[in-house]
Amino acid sequence: MIPSLRRQRIKNNIAESEQFRRRSFIGFICIAMAMLGLAFGYFRLQVLQHQEYQLRSDANRIKPRPIVPARGLIYDRNGKLLADNIPAYRIELVPDQIEDIDKTIAAIQNIISLSAEDLEAFQQSRKATGRFRPVVLKLRLNEEERAKLALNRYRLPNVEVVPYLTRRYPYENMFAHVIGYVGRVDAKDLEKLGDSKFTALSHTGKSGLEKFYEQELRGEIGYESVETNAQGRSLKTIGMQQASPGYDIQLSIDADLQKATIEAFGELQGAAVAVDPRTGEVLAMVSLPLFDPNLFINGISHVNYRALTENISRPLYDRNLQGGTAPGSTIKPFVALAGLESGLRKPEDKILSTGEFFLPGVSRGFRDSHHGGHGWVDLQESIAQSVNTYYYKLAVDLGIQRFDTYMLQYGFGKKTGIDLPSESIGILPSPEWKRKRFNEAWYPGDTVNVGIGQGAWNVTPLQLAQATAAIANNGEQHKLHLLKAKRKGFQTQWLPEALVAGQSIAKDPAHIAAIKSGMWGTVNGSRGTARAIAVGAEYLIAGKTGTAQKVSRKGNVSLNPNQLPMNQRHQALFIGYAPADNPRIAIAVMVEHGGFGSSTAAPIARKMMDAWLLPKTIAPIKTEPVVSITAPAQLTSATP
Amino acid sequence: MMRWLQAWVSDWLDCIDVPLFIGLLLILSTSLVVLSSAGASEGEHFVLAQGARFVAGIVAMLVIARIQPNRLRSWTPIIFALTLALMPVVFAVGSGRSARLWINLGFFYLQPGELLKLSVPMMVAWYLHRVVLPPTWATLAICGLIISVPAALIIRQPDLGTGLLVGASGIFALYLAGMHWWRIGLFAGAGLASLPVAWLFLREYQKNRILTFLNPENDQLGTGWNIIQSKIAIGSGGWFGKGWGNSTQAKLDYLPEHTTDFLFSVLSEEWGWVGVIFVFSLYVFVIGRCLWIASNARDGYSRILVGALAMTFSVYVLVNGGMVVGLLPVVGVPMPLLSYGGTSAVSLLAGFGIVMSVKAHRKFMGA
């Protein structure tokens, strides 16, 4: 207060002590209040928000780990294994656990070779799966690679060699187009599958039955609840939701018939389908040239893939499913049936074939196959001798609209509904189709051409086989199918697929009988176009030959048909069934650049019929001893 | 012989403040119990090693308790000078993960910063004892020098947490010495105003810590991870906790530093809110007891030193407790006497030795 006093201030211990008491008391109160506030901070988290943090703690602790079941196996109708699982090893790494991925990969490359495809697939799936899940670097390590990696393991921390089951097709190329193949799951697949659990999946069906029955074959992915630490390493299993194995599938295909079919073609290429007309079961289905589906399983190399895609014969292309051709004369039995069904023809009605058919007011004629014509022919002879004039006239009488209605009823221009993906509907020529495709009007001459199976037609061998089977089965058409039975694992019984009731394609069984007699005549008549294949047959065959003109003289004058790729040249066709009196097999054969149906396609059908109907004359296929492995679940989902 | 021994023991026991001693022992035992769960993966010697450090600390405490406060007072300038002189040494030969904090003595890693936590308040108390209180501007200026030089050196190491604690201990001494409220207000205001300037001097990781504190969810896998996992640990503890040994957050390595800075999170997870309150009560009791002892101390030096030590101790608790629960930014301040670590525990217990010495010697020294 007063300056002079201040200068003379002396220490007053009692006053200082009092001062201290006050200050320390205030200090203590402040500290106690702060502690109280802190205690409330804890109260808020531990009591008020406990539920939320409990959940987050559990989510931290317990991680679901998918268990991928072994993929279902595929058998032929006699129990031969067509698609198998074999144990293999792959390299996996979790990006998050690796300091320098490029360096690690370089280190691995010093030990074993990694293809460009491996690296590309790795980078792709790395993007798709993220940092914390294992990404596959290379599949199907061989023994030597495994040994080398094991030796250098200490140099590659967090690089794991993991056992898994991989697909194998023991018959290699024989069922390439039917069974298709599995391939590595890629980002697109994952997007389609949607659920994150599928990141555990290494392979998925990419084509054929593998794709069509993907869900059945794959089974249900199960879950293990694993307690994991912050690095994602699992410490112990807490709970489990069992994986459910995929269905094993039994096909109606007969491996021996399939082989006989392939051999029957020899050097030729084309397609053939054999079905059981009584059920619609597909017995053989071959598209040539073949390819080895095993190449695709673990990522096909660029060299191999280019070889397949640049091959002008297009081995990857399934001629049965997508490959269309004009039916040529093989359409005649069905046009005849349309004539009977429509009431425009009776079996005994005769038409005069003079060698050329003229439309009123059109100077250019439509020819018969015989110069000078076949004379007067009834329905049976028209089929047996393949008389064009009969069908030119019938098609004109029916008119294109009615014609198409019948053809559609027999299964042309629509999918057969076989259990395979991406089936083509082919082309059923119609004025609407022509307008849409070429913006051209439909001429009466078009109808004439279409009546003998030429022109804008496009039918698949499957459609032909299905329609033929319907005739053979007295007009009752069964949907074509490959799946005969399925089962869930070895322990369970095969569950046969329910047979779907057939649909009748004809009003009157007598009409079918007339068509059948015509087809019988093709093979057995004195002037039948395929009488050569009846020689030495122990059973009666019925059928119809055909030739599809791929190159019409009109539009492609400059093209020399003999310089075109095989699949763009004339195609030889044959449809038929046997035994004619009690059909058990119906067949459609298409031979690319096969000349006439009678000379190349029909003999192939004969060999197939022999293979199916006669007691085994050819040695059954030697199956290499296939050790089928029932995979324990942990083999597929094993983690480091 | 027996009588001599008896006299010797009772002589030692006389220097002990029993309530404070019991409070400290309870905290230390709690530490060992929690560490034996949180550090289970560190091996069997882990808890024993910490126990050994506690024993060393208690011995130091008992030895210091026997030193008369006025003798300690007379050594204070030398002690201060010696500990301050260690700072350049640590810059030259120090070791540490990201900052040079330790001097390797062969058998022991010495952390000079920890010693300064004791010697700075000692020096401030020594000086304040010699001047008339409440402190004048001149007094404040000198004390400011005593405080800021060591604090700045420690922060340069860089060890922001310790530096701030050293600074705080000096400021508490001034507060207890009766520094005028308006001056306190002035300094506090100036301090707040200079915060933006201080920001410029912070290192990148220190800035990150503060940014992370402001919004931990922003960077969940980086700096925010610690605080998020700590909150999950604490929150999932509930009322009564998951039980001893059941801290999944620590055992599964979600919670980093779970034996040191984040040990209290483990305690909260395993013992629940009830356990938290139990430990807080122990701390409040220890702090209150120290302030009571200080209030009854004989001379200004003892009073201010013990009071400053007690209040600094509370800062540890509040900063660590607030940090692990996400109320304060992550600063490397352990929970006192609870977290794993040698130097901190020993220097804290040595500090409590001074408290006990003050308590033991007040009655003999008269007013």
# chains A, B, ... in the order shown; residues from 1 in each chain; ligands from 1
>>> select_by_dssp(residues="region 56-140 of chain B", states="helix (DSSP H, G or I)", output="number ranges by chain")
B: 56-65, 69-93, 112-130, 137-140
>>> residues_around(residues="Tyr89 (chain A)", least_positions_apart="5", cutoff="6 Å", atoms="only C-alpha atoms", output="ChimeraX atom specification")
/A:140-141,162-164
>>> residues_around(residues="Asn458 (chain A)", least_positions_apart="6", cutoff="12 Å", atoms="only C-alpha atoms", output="list of chain:residue names")
A:Arg319, A:Asn320, A:Leu321, A:Gln322, A:Gly323, A:Gly324, A:Thr325, A:Ala326, A:Pro327, A:Gly328, A:Ile331, A:Phe412, A:Gly413, A:Lys414, A:Ser424, A:Ile425, A:Gly426, A:Ile427, A:Leu428, A:Pro429, A:Ser430, A:Val450, A:Leu464, A:Ala548, A:Gln549, A:Lys550
>>> write_last_selection(atoms="N, CA and C atoms", output="short mmCIF file (atom, residue, chain, number, x, y, z; two decimals), in the first residue's frame")
data_model
loop_
_atom_site.label_atom_id
_atom_site.label_comp_id
_atom_site.auth_asym_id
_atom_site.auth_seq_id
_atom_site.Cartn_x
_atom_site.Cartn_y
_atom_site.Cartn_z
N ARG A 319 -20.73 -75.01 -81.06
CA ARG A 319 -21.60 -75.09 -82.25
C ARG A 319 -22.99 -75.61 -81.92
N ASN A 320 -23.10 -76.42 -80.89
CA ASN A 320 -24.42 -76.97 -80.54
C ASN A 320 -25.33 -75.90 -79.97
N LEU A 321 -24.73 -74.99 -79.24
CA LEU A 321 -25.52 -74.05 -78.46
C LEU A 321 -25.68 -72.73 -79.19
N GLN A 322 -24.59 -72.30 -79.81
CA GLN A 322 -24.60 -70.98 -80.42
C GLN A 322 -24.44 -71.05 -81.93
N GLY A 323 -23.91 -72.15 -82.39
CA GLY A 323 -23.58 -72.24 -83.79
C GLY A 323 -24.80 -72.59 -84.60
N GLY A 324 -25.19 -71.70 -85.43
CA GLY A 324 -26.36 -71.99 -86.24
C GLY A 324 -25.97 -72.32 -87.65
N THR A 325 -26.87 -72.98 -88.31
CA THR A 325 -26.70 -73.25 -89.73
C THR A 325 -28.10 -73.31 -90.31
N ALA A 326 -28.20 -73.12 -91.61
CA ALA A 326 -29.50 -73.37 -92.22
C ALA A 326 -29.77 -74.87 -92.12
N PRO A 327 -30.99 -75.30 -91.87
CA PRO A 327 -31.24 -76.73 -91.68
C PRO A 327 -31.19 -77.50 -92.99
N GLY A 328 -31.24 -76.80 -94.14
CA GLY A 328 -31.25 -77.52 -95.39
C GLY A 328 -32.42 -78.48 -95.42
N ILE A 331 -35.07 -79.91 -92.70
CA ILE A 331 -36.29 -79.27 -92.24
C ILE A 331 -37.51 -79.92 -92.89
N PHE A 412 -38.12 -74.50 -83.47
CA PHE A 412 -37.15 -73.68 -84.20
C PHE A 412 -37.42 -72.21 -83.89
N GLY A 413 -36.34 -71.44 -83.81
CA GLY A 413 -36.49 -70.02 -83.53
C GLY A 413 -36.71 -69.72 -82.06
N LYS A 414 -36.54 -70.72 -81.21
CA LYS A 414 -36.58 -70.45 -79.78
C LYS A 414 -35.61 -71.39 -79.06
N SER A 424 -28.36 -69.92 -78.03
CA SER A 424 -28.87 -69.05 -79.10
C SER A 424 -30.26 -69.52 -79.53
N ILE A 425 -31.10 -68.59 -79.95
CA ILE A 425 -32.42 -69.01 -80.45
C ILE A 425 -32.38 -69.29 -81.95
N GLY A 426 -31.27 -68.97 -82.58
CA GLY A 426 -31.20 -69.16 -84.02
C GLY A 426 -32.06 -68.13 -84.73
N ILE A 427 -32.36 -68.42 -85.98
CA ILE A 427 -33.19 -67.47 -86.74
C ILE A 427 -34.30 -68.26 -87.42
N LEU A 428 -35.51 -67.85 -87.16
CA LEU A 428 -36.64 -68.38 -87.90
C LEU A 428 -37.02 -67.28 -88.90
N PRO A 429 -36.76 -67.54 -90.17
CA PRO A 429 -36.94 -66.44 -91.12
C PRO A 429 -38.40 -65.99 -91.19
N SER A 430 -38.60 -64.71 -91.20
CA SER A 430 -39.96 -64.18 -91.26
C SER A 430 -39.89 -62.80 -91.88
N VAL A 450 -37.15 -70.87 -98.11
CA VAL A 450 -37.24 -71.25 -96.70
C VAL A 450 -37.90 -72.63 -96.58
N LEU A 464 -32.40 -79.00 -83.75
CA LEU A 464 -32.67 -80.12 -84.67
C LEU A 464 -32.84 -81.42 -83.91
N ALA A 548 -26.57 -77.55 -95.94
CA ALA A 548 -26.85 -76.12 -95.77
C ALA A 548 -25.88 -75.35 -96.62
N GLN A 549 -26.45 -74.52 -97.52
CA GLN A 549 -25.57 -73.68 -98.32
C GLN A 549 -25.23 -72.45 -97.50
N LYS A 550 -23.98 -72.41 -97.14
CA LYS A 550 -23.59 -71.27 -96.32
C LYS A 550 -23.37 -70.06 -97.20
#
>>> residues_around(residues="Val286 (chain B)", least_positions_apart="5", cutoff="8 Å", atoms="only C-alpha atoms", output="list in words")
Leu20, Gly23 and Leu24 of chain B
>>> write_last_selection(atoms="N, CA and C atoms", output="PDB file, in the first residue's frame")
ATOM      1  N   LEU B  20      -0.726 -42.066   4.139  1.00  0.00           N
ATOM      2  CA  LEU B  20      -0.191 -41.836   2.797  1.00  0.00           C
ATOM      3  C   LEU B  20       0.485 -43.086   2.266  1.00  0.00           C
ATOM      4  N   GLY B  23      -2.063 -45.592   1.204  1.00  0.00           N
ATOM      5  CA  GLY B  23      -2.654 -45.168  -0.068  1.00  0.00           C
ATOM      6  C   GLY B  23      -1.725 -45.490  -1.236  1.00  0.00           C
ATOM      7  N   LEU B  24      -0.439 -45.167  -1.056  1.00  0.00           N
ATOM      8  CA  LEU B  24       0.518 -45.439  -2.129  1.00  0.00           C
ATOM      9  C   LEU B  24       0.642 -46.931  -2.384  1.00  0.00           C
TER      10      LEU B  24
END
>>> closest_residue(among="B:Leu72, B:Val319, B:Val149, B:Ala360", to="chain A", atoms="only C-alpha atoms")
B:Val319
>>> residues_around(residues="Gly351 (chain B)", least_positions_apart="3", cutoff="10 Å", atoms="only C-alpha atoms", output="ChimeraX atom specification")
/B:57,60-61,64-65,115,117-119,305-306,309-310,313,345-348,354-357
>>> write_last_selection(atoms="C-alpha atoms", output="PDB file, in the first residue's frame")
ATOM      1  CA  GLY B  57      11.246 -46.492  -5.307  1.00  0.00           C
ATOM      2  CA  ALA B  60      14.364 -44.248  -2.115  1.00  0.00           C
ATOM      3  CA  MET B  61      11.232 -42.829  -0.530  1.00  0.00           C
ATOM      4  CA  ILE B  64      14.631 -39.431   1.542  1.00  0.00           C
ATOM      5  CA  ALA B  65      11.997 -39.400   4.289  1.00  0.00           C
ATOM      6  CA  LEU B 115      14.703 -35.701 -12.224  1.00  0.00           C
ATOM      7  CA  LYS B 117      10.276 -32.817 -12.264  1.00  0.00           C
ATOM      8  CA  LEU B 118      11.581 -32.898  -8.696  1.00  0.00           C
ATOM      9  CA  SER B 119      14.437 -30.395  -8.857  1.00  0.00           C
ATOM     10  CA  LEU B 305       7.542 -27.931  -2.422  1.00  0.00           C
ATOM     11  CA  VAL B 306       5.128 -30.551  -1.076  1.00  0.00           C
ATOM     12  CA  LEU B 309       4.471 -31.901  -5.894  1.00  0.00           C
ATOM     13  CA  ALA B 310       0.954 -32.896  -4.857  1.00  0.00           C
ATOM     14  CA  PHE B 313       0.778 -35.349  -9.223  1.00  0.00           C
ATOM     15  CA  ALA B 345       7.781 -44.484 -10.554  1.00  0.00           C
ATOM     16  CA  VAL B 346      11.092 -44.029  -8.755  1.00  0.00           C
ATOM     17  CA  SER B 347      11.085 -40.245  -9.111  1.00  0.00           C
ATOM     18  CA  LEU B 348       7.463 -40.033  -7.999  1.00  0.00           C
ATOM     19  CA  ILE B 354      10.096 -35.553   0.533  1.00  0.00           C
ATOM     20  CA  VAL B 355       6.431 -35.358   1.566  1.00  0.00           C
ATOM     21  CA  MET B 356       7.055 -37.900   4.323  1.00  0.00           C
ATOM     22  CA  SER B 357      10.162 -36.140   5.444  1.00  0.00           C
TER      23      SER B 357
END
>>> interface_residues(of="chain A", to="chain B", cutoff="6 Å", atoms="only C-alpha atoms", output="list in words")
Lys11, Phe20, Arg21, Arg23, Leu45, Gln46, Val47, His50, Tyr53, Gln54, Ser57, Asn229 and Ala230 of chain A
>>> residues_around(residues="region 77-94 of chain B", least_positions_apart="5", cutoff="10 Å", atoms="only C-alpha atoms", output="VMD selection string")
chain B and resid 72 99 to 104 109 to 124 126 to 127 146 149 to 150 153 to 154 156 to 157
>>> closest_residue(among="A:Trp442, A:Trp612, A:Phe25, A:Tyr181", to="Ile297 (chain A)", atoms="only C-alpha atoms")
A:Tyr181
>>> closest_residue(among="A:Lys516, A:Arg77, A:His481, A:Arg184", to="Leu257 (chain A)", atoms="only C-alpha atoms")
A:Arg77
>>> atom_distance(atom1="CA of Ala190 (chain B)", atom2="CA of Gly144 (chain B)")
14.1 Å
>>> residues_around(residues="Leu114 (chain A)", least_positions_apart="5", cutoff="9 Å", atoms="only C-alpha atoms", output="ChimeraX atom specification")
/A:105,108-109,119,137-138
